[in-house]
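Please read the structure below before turning to the comments.
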Amino acid sequence: MNRYVVKRFIGLIVVLMGVSILSFLMIEISGTDPAEAIARRASFNVTREQIEVVRLELGLDRPIVERYFRWLAGILTGDAGMSTYSNRPVIEDLRVYLPITLTLVGLSLAWVVLFALPVSLACARYPGGILDHVVRWLTLLGICTPTFWLGFMLLILFAVRTPIFSVLPEAGIKGYLLPSLTLAVPILSAGIRILRGSLLSEANRDYVTYLKVRGHTKRDILYRHMLPNALPPIITLFCQYLGYLIAGSAVVESVFSLKGIGTYLVGCILAADSTAVAACVLIVATVFVLANLMGDLINRMICPWMVRETND
Amino acid sequence: MLEAVRVEKSYAVRTQGRMKAFHAVRPTSFRIEEGASYALVGESGSGKTTLSQILMGLLPPTAGDILLDGASIAGKSARRDRNVAAQLQMVLQDGKSALDPRFTVYDSIAEPIRNLLKLPREKERELVVSLMQRMELSEKHLHNRAGELSGGQQKRVCIARAIAVSPRLIIFDEAVSGLDVIVRKHILDLLKALRRERPCAYLFVTHDMDVAMYMAETIHVMKEGEIVERVTCKGNQTLFVHPYSRLLVSSMA
């Protein structure tokens with residue numbers, strides 16, 4: 001296990017290096033000249049000489065490899081450059097926006113855990129029953145429904161017609177309830193279907209038949225034997241979605257007027273702020289890679305037999 | 001010991017828009033005597049697995065009853081008391097699938113001992129180790145999981161688990177299918193030896209007449225949900241007279 005963790009961490013560093021190179025190259029190929037952008041931030045009417053002075057001062061005339069390592073060192077020491085979109089250091093922007101997105105994503109995942117397990121277990125216990133049919137249709141709808149439409153519908157229903165929530169962002173956890181639910185619905189729907197399918201495929205395995213012969217109760221077989229064996233796919237999905245949620249929160253954030261990293265990233269893209277975009281991409285990619293690693297490690301901890309089979 | 005009394009199983013199926021009854025098992029009666037060896041032979045879809053599942057209480061029969069020492073146990077697997085569960089055991093076709101992937105070899109064999117015999121830990125370990133030795137499984141596999149064992153080893157663990165509680169009947173549902181001929185012969189010989197050591201009735205549910213002839217004293221031939229012939233042949237294949245039985249005998253390697 002320890003060897004595996006070390007191996008995965010080395011792999012993680014390699015992947016993150018690759019991501020950082022791509023992020024840096026994004027600044028280079030974006031078509032925006034950082035020297036010009038910075039010079040024009042001070043005054044719109046700048047001469048070519050003034051731009052060249054800025055380029056020399058910031059070392060932007062140095063070879064690309066040197067500039068990459070300087071950029072990387074800056075990122076590692078907490079200096080991701082200045083944002084031309086907000087006129088503030090990128091790291092300060094991230095300090096403001098990232099916690100909002102993380103709260104939103106954290107709550108969305110809480111919805112998923114809260115509902116996916118009991119609903120899937122109920123469906124798998126009575127497959128083909130009324131509940132199973134209803135859940136199947138609802139989850140299909142949940143997967144197909146666009147989040148912006150669902151967000152608007154929830155706002156109309158619970159903030160306009162029945163004013164339980166406010167249309168404008170509210171302080172505290174209440175302000176996150178509708179956005180997190182909107183963000184959670186597609187994952188929750190997919191999660192329920194995957195866990196239900198995984199549980200039912202376990203139900204067809206011979207060890208379940210044996211346990212029935214042995215006189216174990218349905219409940220015992222479902223909770224103590226089938227559920228732990230059915231968990232790996234849902235854990236993998238859960239951890240993969242963590243990255244997707246952070247990257248894809250922009251739509252929900254804009255529907256609910258939340259100032260998270262998603263809306264910030266979209267703003268930076270529209271303002272051609274490649275420095276901030278590169279930092280955001282690096283952060284999202286890091287979370288994505290770390291979440292995947294976390295999923296693999298959890299699976300290895302709760303399902304050690306899968307690991308040995310893979311090694312064989 | 002175990003008796004099937006006019007057991008039948010039918011399902012409602014839709015054919016050409018109309019519901020019709022499909023008879024998986026037509027009214028069938030037979031007895032399994034203490035310590036004897038039987039086989040239920042037939043092609044896929046003949047109803048032999050359905051019948052074996054009814055015998056084990058996994059499926060409720062549409063009509064008829066299953067009696068263990070005169071008491072009804074039909075369709076009662078989940079509510080079966082420990083005493084009955086210990087008397088009837090089953091070895092299933094896919095060894096890997098029949099073992100909980102989370103369980104080590106030790107856990108798999110110890111599970112029925114722990115739950116049905118309730119032995120102290122020390123005695124439980126002794127019994128598990130002795131069963132492994134009897135099934136010619138090395139002690140080094142004690143902490144392996146099903147996925148780390150070969151098909152033959154998985155099957156031996158399943159048999160060790162089945163005999164752990166000294167049952168009176170073991171049903172082998174296609175239990176040696178999918179194994180190569182040498183491993184299969186070895187396991188069948190091991191089962192024969194086991195039966196000499198500890199009296200236990202065997203019921204082999206198989207499509208393979210070869211296995212049935214080698215292991216069973218009495219063979220029931222099933223076709224389309226019906227037992228078409230019962231022969232106490234003890235290896236003599238000339239005693240079969242039904243054309244379907246003759247066909248199965250002629251298809252032997």
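Scheme for the structure tokens: letters A, B, ... for chains in order shown; per-chain residue numbers from 1; ligand numbers from 1 in order shown.
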Interface list for chain A, partner chain B, 8 Å threshold, only C-alpha atoms, as a PyMOL selection string: chain A and resi 205-210+212-218+225+229+303-305+308-309+312
Strand (DSSP E) positions in stretch 61-300 of chain A, given as an MDAnalysis selection string: chainID A and resid 82:83 88:89
Excluding same-chain residues fewer than 2 positions from stretch 257-259 of chain A, what lies within 9 Å of it counting only C-alpha atoms, as a tab-separated table (two decimals) with N, CA and C atoms, in the first residue's frame?
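Below you can see result-v4.tsv, which holds the result:
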```tsv
chain	number	residue	atom	x	y	z
A	96	VAL	N	-10.88	34.70	-2.43
A	96	VAL	CA	-12.27	35.15	-2.25
A	96	VAL	C	-13.23	34.16	-2.90
A	97	TYR	N	-12.92	33.74	-4.14
A	97	TYR	CA	-13.89	32.96	-4.93
A	97	TYR	C	-13.87	31.45	-4.65
A	100	ILE	N	-16.19	29.89	-1.92
A	100	ILE	CA	-17.61	29.89	-2.29
A	100	ILE	C	-17.91	28.63	-3.12
A	101	THR	N	-17.06	28.38	-4.11
A	101	THR	CA	-17.26	27.20	-4.97
A	101	THR	C	-17.10	25.92	-4.16
A	167	VAL	N	-34.06	35.45	-4.30
A	167	VAL	CA	-33.49	35.35	-5.66
A	167	VAL	C	-32.03	35.80	-5.61
A	168	LEU	N	-31.76	36.79	-4.77
A	168	LEU	CA	-30.37	37.26	-4.63
A	168	LEU	C	-29.63	36.37	-3.64
A	169	PRO	N	-28.30	36.31	-3.77
A	169	PRO	CA	-27.55	35.42	-2.87
A	169	PRO	C	-27.79	35.77	-1.40
A	176	TYR	N	-26.90	28.59	-0.08
A	176	TYR	CA	-26.28	27.55	-0.91
A	176	TYR	C	-27.22	26.37	-1.18
A	179	PRO	N	-28.68	26.32	-4.98
A	179	PRO	CA	-27.62	26.08	-5.96
A	179	PRO	C	-26.99	24.69	-5.83
A	250	ALA	N	-19.77	26.97	-13.00
A	250	ALA	CA	-20.00	28.32	-13.52
A	250	ALA	C	-21.48	28.58	-13.83
A	252	VAL	N	-24.27	27.15	-12.69
A	252	VAL	CA	-25.11	27.27	-11.49
A	252	VAL	C	-24.78	28.56	-10.75
A	253	GLU	N	-23.50	28.88	-10.67
A	253	GLU	CA	-23.10	30.12	-9.98
A	253	GLU	C	-23.72	31.34	-10.65
A	254	SER	N	-23.74	31.35	-11.99
A	254	SER	CA	-24.30	32.54	-12.65
A	254	SER	C	-25.83	32.58	-12.51
A	255	VAL	N	-26.49	31.40	-12.53
A	255	VAL	CA	-27.95	31.40	-12.35
A	255	VAL	C	-28.31	31.96	-10.97
A	261	ILE	N	-15.59	30.48	-8.24
A	261	ILE	CA	-14.46	30.40	-9.18
A	261	ILE	C	-14.96	30.17	-10.61
A	262	GLY	N	-16.13	29.56	-10.75
A	262	GLY	CA	-16.69	29.31	-12.07
A	262	GLY	C	-16.99	30.60	-12.80
A	263	THR	N	-17.72	31.52	-12.15
A	263	THR	CA	-18.05	32.80	-12.80
A	263	THR	C	-16.78	33.64	-12.99
A	264	TYR	N	-15.87	33.53	-12.02
A	264	TYR	CA	-14.60	34.27	-12.13
A	264	TYR	C	-13.83	33.80	-13.37
```
Test item: residues at most 7 Å from B:Ile109, only C-alpha atoms, excluding those fewer than 4 positions along its chain, as a count of residues only: 5
Nearby residues (only C-alpha atoms) at most 8 Å from stretch 50-56 of chain A, same-chain spacing under 6 positions excluded, as JSON, numbers by chain: {"A": [35, 36, 38, 39]}
Long-range neighbours of stretch 1-5 of chain B as a ChimeraX atom specification, 6 Å cut-off, only C-alpha atoms, 4 positions minimum in chain: /B:29-34,64-69
Spatial neighbours of stretch 183-193 of chain A, max dist 6 Å, only C-alpha atoms, sep filter under 6 positions, as JSON, numbers by chain: {"A": [108, 112, 116, 120, 139, 142, 143]}
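Straight-line separation from atom CA of B:Lys123 to atom CA of B:Ile163: 15.9 Å.
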In stretch 3-244 of chain A, DSSP helix (DSSP H, G or I) residues written as a ChimeraX atom specification: /A:3-29,34-42,48-57,64-76,90-125,130-144,147-161,174-203,206-213,218-244
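Interatomic distance, atom CA of A:Ile27 to atom CA of A:Val14: 20.4 Å.
Taking atom CA of A:Ile298 as the reference point, atom CA of A:Leu177 is found at 27.7 Å.
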